[in-house]
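> First, the structure itself, so that you have it in front of you.
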Amino acid sequence: MRLVLVGPPGAGKGTQAEFVAAHLAVPKISTGDIFRSNVSQGTPLGVEAKRYMDAGELVPDEVTINMVRDRLAEPDAGAGFLLDGFPRTTPQAAALDKLLVDLGTALDLVLELVVDDDEVVRRLSGRRTCRGCGKVWHVEFDAPSQEGRCDRCGAELFQRDDDKPETIATRLREYADKTAPLVDFYGAQSKLVGIDATGPVEDVTVRAIDALRSYSG
Ligand code: ADP
Ligand code: AMP
């Protein structure tokens with residue numbers, strides 16, 4: 001299955017992507033994760049992306065599309081994938097459609113995680129990420145048993161630079177201006193399914209998997 005998760009920053013895309021990708025046995029491809037890994041390795045791509053990420057802005061389409069094209073060409077993506085955080089603009093969505101046509105395939109479904117701005121701000125401001133395994137926690141909603149330590153691997157947790165209040169505001173504006181139009185873009189293709197992304201993580205996962213089930217009949 002070829003699936004896209006769309007929703008504002010902090011909607012829970014990364015959290016749900018882990019469970020949904022495991023359920024479907026497809027790779028989870030997160031453009032944010034790929035950019036962050038390039039930033040931490042100091043690659044030319046990382047150096048370029050960091051300027052935009054630190055400001056809460058989107059990385060230019062051309063850079064992002066080329067990166068995704070390379071990633072989708074890897075063998076593990078051949079039988080399906082779950083994209084988390086891509087596409088985020090209409091040109092990216094059009095480029096993805098074209099890329100898939102060239103590969104003789106198409107997207108199956110776009111799952112929109114619906115959650116309001118107040119909840120998104122609460123989620124982003126309490127988000128903590130593990131330095132070791134990358135698992136995402138929340139200081140209030142999904143707290144590890146020992147503060148600042150990952151329960152899964154024991155490594156230290158950190159707060160993302162772009163989860164500071166002033167950057168969060170810019171990211172929400174970027175979402176409203178550039179990403180929200182994708183709801184209409186995919187709605188017009190009859191590929192969009194919206195789910196309520198509020199409430200416990202497990203409940204959202206059940207709604208997501210139900211939405212996939214109703215799609216595949
Ligand atoms: P995104 O990938 O959409 O930016 P994340 O998956 O990183 O969002 O989630 C943002 C924050 O919200 C994380 O700290 C995560 O633990 C928390 N979170 C995710 N889903 C829920 C939920 N259903 N209820 C409460 N907090 C959640
Ligand atoms: P995320 O981890 O999805 O919240 O992404 C973190 C940051 O990476 C974003 O704020 C952007 O700066 C950048 N980024 C991730 N995905 C994209 C994309 N599809 N297009 C442009 N920039 C992106």
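Each chain of the structure tokens is named A, B, ... in the order shown, its residues numbered from 1; ligands are numbered from 1 in display order.
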Could you give me the residues within 6 Å of ligand 1, counting only C-alpha atoms and all ligand atoms, as a ChimeraX atom specification?
/A:9-15,123-124,126-128,136-138,141-142,198-201
> Write the residues of the selection above to a file with N, CA, C and O atoms, as a PDB file, in the first residue's frame.

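The resulting file, out34.pdb, is shown below:
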```
ATOM      1  N   PRO A   9       1.920  20.213  11.980  1.00  0.00           N
ATOM      2  CA  PRO A   9       3.018  19.762  12.826  1.00  0.00           C
ATOM      3  C   PRO A   9       2.458  19.460  14.210  1.00  0.00           C
ATOM      4  O   PRO A   9       1.634  20.215  14.729  1.00  0.00           O
ATOM      5  N   GLY A  10       2.858  18.332  14.779  1.00  0.00           N
ATOM      6  CA  GLY A  10       2.377  17.977  16.116  1.00  0.00           C
ATOM      7  C   GLY A  10       1.060  17.214  16.120  1.00  0.00           C
ATOM      8  O   GLY A  10       0.566  16.828  17.173  1.00  0.00           O
ATOM      9  N   ALA A  11       0.503  16.927  14.945  1.00  0.00           N
ATOM     10  CA  ALA A  11      -0.777  16.203  14.898  1.00  0.00           C
ATOM     11  C   ALA A  11      -0.623  14.758  15.373  1.00  0.00           C
ATOM     12  O   ALA A  11      -1.606  14.108  15.721  1.00  0.00           O
ATOM     13  N   GLY A  12       0.618  14.268  15.347  1.00  0.00           N
ATOM     14  CA  GLY A  12       0.857  12.874  15.739  1.00  0.00           C
ATOM     15  C   GLY A  12       1.195  11.991  14.544  1.00  0.00           C
ATOM     16  O   GLY A  12       1.093  10.766  14.628  1.00  0.00           O
ATOM     17  N   LYS A  13       1.659  12.607  13.444  1.00  0.00           N
ATOM     18  CA  LYS A  13       1.964  11.825  12.234  1.00  0.00           C
ATOM     19  C   LYS A  13       3.073  10.800  12.512  1.00  0.00           C
ATOM     20  O   LYS A  13       2.934   9.627  12.175  1.00  0.00           O
ATOM     21  N   GLY A  14       4.170  11.274  13.117  1.00  0.00           N
ATOM     22  CA  GLY A  14       5.292  10.368  13.383  1.00  0.00           C
ATOM     23  C   GLY A  14       4.891   9.251  14.335  1.00  0.00           C
ATOM     24  O   GLY A  14       5.242   8.079  14.132  1.00  0.00           O
ATOM     25  N   THR A  15       4.117   9.608  15.350  1.00  0.00           N
ATOM     26  CA  THR A  15       3.662   8.627  16.351  1.00  0.00           C
ATOM     27  C   THR A  15       2.810   7.555  15.671  1.00  0.00           C
ATOM     28  O   THR A  15       3.031   6.355  15.846  1.00  0.00           O
ATOM     29  N   ARG A 123       0.973  19.732  22.190  1.00  0.00           N
ATOM     30  CA  ARG A 123       1.755  18.543  21.821  1.00  0.00           C
ATOM     31  C   ARG A 123       3.185  18.918  21.458  1.00  0.00           C
ATOM     32  O   ARG A 123       4.134  18.257  21.882  1.00  0.00           O
ATOM     33  N   LEU A 124       3.334  19.991  20.669  1.00  0.00           N
ATOM     34  CA  LEU A 124       4.693  20.356  20.219  1.00  0.00           C
ATOM     35  C   LEU A 124       5.532  20.864  21.377  1.00  0.00           C
ATOM     36  O   LEU A 124       6.726  20.562  21.470  1.00  0.00           O
ATOM     37  N   GLY A 126       5.483  20.066  24.450  1.00  0.00           N
ATOM     38  CA  GLY A 126       5.919  19.029  25.389  1.00  0.00           C
ATOM     39  C   GLY A 126       6.634  17.862  24.722  1.00  0.00           C
ATOM     40  O   GLY A 126       6.953  16.869  25.365  1.00  0.00           O
ATOM     41  N   ARG A 127       6.862  17.967  23.417  1.00  0.00           N
ATOM     42  CA  ARG A 127       7.493  16.839  22.703  1.00  0.00           C
ATOM     43  C   ARG A 127       8.959  16.673  23.115  1.00  0.00           C
ATOM     44  O   ARG A 127       9.707  17.635  23.210  1.00  0.00           O
ATOM     45  N   ARG A 128       9.369  15.459  23.326  1.00  0.00           N
ATOM     46  CA  ARG A 128      10.775  15.142  23.598  1.00  0.00           C
ATOM     47  C   ARG A 128      11.161  13.950  22.728  1.00  0.00           C
ATOM     48  O   ARG A 128      10.370  13.017  22.568  1.00  0.00           O
ATOM     49  N   VAL A 136       9.678   9.173  19.991  1.00  0.00           N
ATOM     50  CA  VAL A 136       9.115  10.458  20.412  1.00  0.00           C
ATOM     51  C   VAL A 136       8.243  10.262  21.648  1.00  0.00           C
ATOM     52  O   VAL A 136       7.392   9.367  21.681  1.00  0.00           O
ATOM     53  N   TRP A 137       8.481  11.116  22.673  1.00  0.00           N
ATOM     54  CA  TRP A 137       7.715  11.074  23.918  1.00  0.00           C
ATOM     55  C   TRP A 137       7.027  12.415  24.109  1.00  0.00           C
ATOM     56  O   TRP A 137       7.246  13.345  23.342  1.00  0.00           O
ATOM     57  N   HIS A 138       6.222  12.512  25.165  1.00  0.00           N
ATOM     58  CA  HIS A 138       5.623  13.799  25.528  1.00  0.00           C
ATOM     59  C   HIS A 138       5.672  13.918  27.045  1.00  0.00           C
ATOM     60  O   HIS A 138       5.355  12.954  27.746  1.00  0.00           O
ATOM     61  N   PHE A 141       1.635  13.780  27.979  1.00  0.00           N
ATOM     62  CA  PHE A 141       0.697  12.830  27.362  1.00  0.00           C
ATOM     63  C   PHE A 141       1.288  11.436  27.143  1.00  0.00           C
ATOM     64  O   PHE A 141       0.555  10.476  26.929  1.00  0.00           O
ATOM     65  N   ASP A 142       2.615  11.356  27.129  1.00  0.00           N
ATOM     66  CA  ASP A 142       3.251  10.041  26.893  1.00  0.00           C
ATOM     67  C   ASP A 142       4.622  10.099  27.557  1.00  0.00           C
ATOM     68  O   ASP A 142       5.665  10.057  26.892  1.00  0.00           O
ATOM     69  N   THR A 198      -7.585  13.347  17.990  1.00  0.00           N
ATOM     70  CA  THR A 198      -7.537  13.684  19.411  1.00  0.00           C
ATOM     71  C   THR A 198      -7.791  12.413  20.242  1.00  0.00           C
ATOM     72  O   THR A 198      -8.256  11.406  19.711  1.00  0.00           O
ATOM     73  N   GLY A 199      -7.464  12.509  21.533  1.00  0.00           N
ATOM     74  CA  GLY A 199      -7.646  11.347  22.403  1.00  0.00           C
ATOM     75  C   GLY A 199      -6.386  10.505  22.447  1.00  0.00           C
ATOM     76  O   GLY A 199      -5.386  10.847  21.811  1.00  0.00           O
ATOM     77  N   PRO A 200      -6.438   9.395  23.208  1.00  0.00           N
ATOM     78  CA  PRO A 200      -5.244   8.575  23.397  1.00  0.00           C
ATOM     79  C   PRO A 200      -4.654   8.060  22.080  1.00  0.00           C
ATOM     80  O   PRO A 200      -5.392   7.791  21.119  1.00  0.00           O
ATOM     81  N   VAL A 201      -3.325   7.920  22.066  1.00  0.00           N
ATOM     82  CA  VAL A 201      -2.595   7.455  20.879  1.00  0.00           C
ATOM     83  C   VAL A 201      -3.219   6.158  20.333  1.00  0.00           C
ATOM     84  O   VAL A 201      -3.434   6.038  19.119  1.00  0.00           O
TER      85      VAL A 201
END
```
> If we count only C-alpha atoms, what is near Pro87 of chain A at a cut-off of 12 Å, once residues fewer than 6 positions away on the same chain are taken out, given as a ChimeraX atom specification?
/A:3-7,29-32,58-62,64-65,67-69,93-97,107,110,175,178-183,185-186
> Once you have the residues from the selection above, write them out as a PDB file, in the first residue's frame, restricted to C-alpha atoms.

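Wrote it out as part30.pdb, contents follow:
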```pdb
ATOM      1  CA  LEU A   3       0.000   5.906   1.855  1.00  0.00           C
ATOM      2  CA  VAL A   4       0.531   9.545   2.832  1.00  0.00           C
ATOM      3  CA  LEU A   5      -0.079  10.997   6.301  1.00  0.00           C
ATOM      4  CA  VAL A   6      -0.998  14.665   6.297  1.00  0.00           C
ATOM      5  CA  GLY A   7      -1.757  16.996   9.190  1.00  0.00           C
ATOM      6  CA  ILE A  29       9.552   7.528   5.202  1.00  0.00           C
ATOM      7  CA  SER A  30       9.708  10.787   7.147  1.00  0.00           C
ATOM      8  CA  THR A  31      11.232  13.750   5.305  1.00  0.00           C
ATOM      9  CA  GLY A  32      11.724  15.534   8.655  1.00  0.00           C
ATOM     10  CA  LEU A  58       9.644  24.626   4.581  1.00  0.00           C
ATOM     11  CA  VAL A  59      12.770  23.470   2.752  1.00  0.00           C
ATOM     12  CA  PRO A  60      12.490  24.437  -0.961  1.00  0.00           C
ATOM     13  CA  ASP A  61      10.427  22.050  -3.077  1.00  0.00           C
ATOM     14  CA  GLU A  62      13.196  21.117  -5.515  1.00  0.00           C
ATOM     15  CA  THR A  64      12.812  18.030  -0.977  1.00  0.00           C
ATOM     16  CA  ILE A  65      11.430  16.390  -4.126  1.00  0.00           C
ATOM     17  CA  MET A  67      15.495  13.734  -1.817  1.00  0.00           C
ATOM     18  CA  VAL A  68      12.190  11.830  -1.879  1.00  0.00           C
ATOM     19  CA  ARG A  69      12.785  10.628  -5.451  1.00  0.00           C
ATOM     20  CA  ALA A  93       2.080  16.554  -4.371  1.00  0.00           C
ATOM     21  CA  ALA A  94       2.052  17.017  -8.158  1.00  0.00           C
ATOM     22  CA  ALA A  95       5.704  15.856  -8.339  1.00  0.00           C
ATOM     23  CA  LEU A  96       4.877  12.770  -6.266  1.00  0.00           C
ATOM     24  CA  ASP A  97       1.979  11.875  -8.565  1.00  0.00           C
ATOM     25  CA  LEU A 107      -0.959   6.569  -4.254  1.00  0.00           C
ATOM     26  CA  VAL A 110      -4.062   9.987   2.050  1.00  0.00           C
ATOM     27  CA  TYR A 175       0.973  24.668   7.332  1.00  0.00           C
ATOM     28  CA  LYS A 178       1.158  25.802   1.976  1.00  0.00           C
ATOM     29  CA  THR A 179       0.068  22.389   3.251  1.00  0.00           C
ATOM     30  CA  ALA A 180      -3.643  22.733   4.090  1.00  0.00           C
ATOM     31  CA  PRO A 181      -4.487  23.133   0.343  1.00  0.00           C
ATOM     32  CA  LEU A 182      -3.491  19.467  -0.073  1.00  0.00           C
ATOM     33  CA  VAL A 183      -6.772  18.503   1.586  1.00  0.00           C
ATOM     34  CA  PHE A 185      -5.921  18.488  -3.863  1.00  0.00           C
ATOM     35  CA  TYR A 186      -6.380  14.913  -2.620  1.00  0.00           C
TER      36      TYR A 186
END
```
> Out of segment 126-210 of chain A, which residues get strand (DSSP E) from DSSP, as a list in words?
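DSSP-assigned strand (DSSP E) residues in segment 126-210 of chain A: Arg127, Arg128, Thr129, Cys130, Val136, Trp137, His138, Leu157, Phe158, Leu192, Val193, Gly194, Ile195 and Asp196 of chain A.
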> One decimal, Å: what's the distance from atom CA of Gln146 of chain A over to atom CA of Phe19 of chain A, could you say?
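Distance reported for this atom pair: 23.4 Å.
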> Can you list, as a CSV table (one decimal) with N, CA and C atoms, in the first residue's frame, every protein, DNA or RNA residue that comes within 9 Å of segment 77-79 of chain A when you count only C-alpha atoms, leaving out same-chain residues fewer than 6 positions away?

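This is the output file part18.csv:
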```csv
chain,number,residue,atom,x,y,z
A,1,MET,N,0.8,-1.2,0.0
A,1,MET,CA,0.0,0.0,0.0
A,1,MET,C,0.9,1.2,0.0
A,2,ARG,N,0.4,2.3,-0.7
A,2,ARG,CA,1.2,3.5,-0.8
A,2,ARG,C,0.3,4.6,-0.2
A,26,VAL,N,5.2,-1.9,5.7
A,26,VAL,CA,5.9,-1.0,4.7
A,26,VAL,C,6.8,-0.1,5.4
A,27,PRO,N,7.9,0.5,4.7
A,27,PRO,CA,8.7,1.4,5.4
A,27,PRO,C,8.1,2.8,5.7
A,29,ILE,N,8.6,6.6,5.8
A,29,ILE,CA,9.6,7.5,5.2
A,29,ILE,C,9.2,8.9,5.7
A,71,ARG,N,14.9,8.4,-2.3
A,71,ARG,CA,14.5,7.5,-1.2
A,71,ARG,C,13.5,6.5,-1.8
```
> Between atom CA of Thr170 of chain A and atom CA of Glu57 of chain A, what distance in Å does the model show, to one decimal?
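Interatomic distance, atom CA of Thr170 of chain A to atom CA of Glu57 of chain A: 6.9 Å.
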> Could you tell me which of A:Asp102, A:Ile34, A:Pro8, A:Val139 comes closest to Val120 of chain A if we count only C-alpha atoms?
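The answer is A:Pro8, which sits nearest to Val120 of chain A.
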> For each of A:Gly132, A:Gly148, A:Gly46, A:Gly85, take the minimum atom-to-atom distance to ligand 2, counting only C-alpha atoms and all ligand atoms, then give the residue where this is smallest.
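Smallest distance to ligand 2 is found for A:Gly85.
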> Taking only C-alpha atoms into account, which of A:Asp54, A:Thr205, A:Asp184, A:Glu174 comes nearest Arg88 of chain A?
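Residue with the minimum atom-to-atom distance to Arg88 of chain A: A:Glu174.
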> Considering only C-alpha atoms and all ligand atoms, can you say which of A:Ser145, A:Asn38, A:Ser214, A:Gln189 comes closest to ligand 2?
A:Asn38
> Please compute the atom CA of Ala17 of chain A-atom CA of Gly42 of chain A distance, one decimal, in Å.
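One can read the atom CA of Ala17 of chain A to atom CA of Gly42 of chain A distance as 26.2 Å.
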> Calculated over only C-alpha atoms, which of the candidates A:Gly80, A:Gly194, A:Gly154, A:Gly134 has the smallest distance to Asp33 of chain A?
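For Asp33 of chain A, the nearest of the candidates is A:Gly134.
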> Ranking A:Pro144, A:Gly187, A:Gly56, A:Pro44 by minimum distance to Arg171 of chain A and counting only C-alpha atoms, which one comes first?
A:Gly56
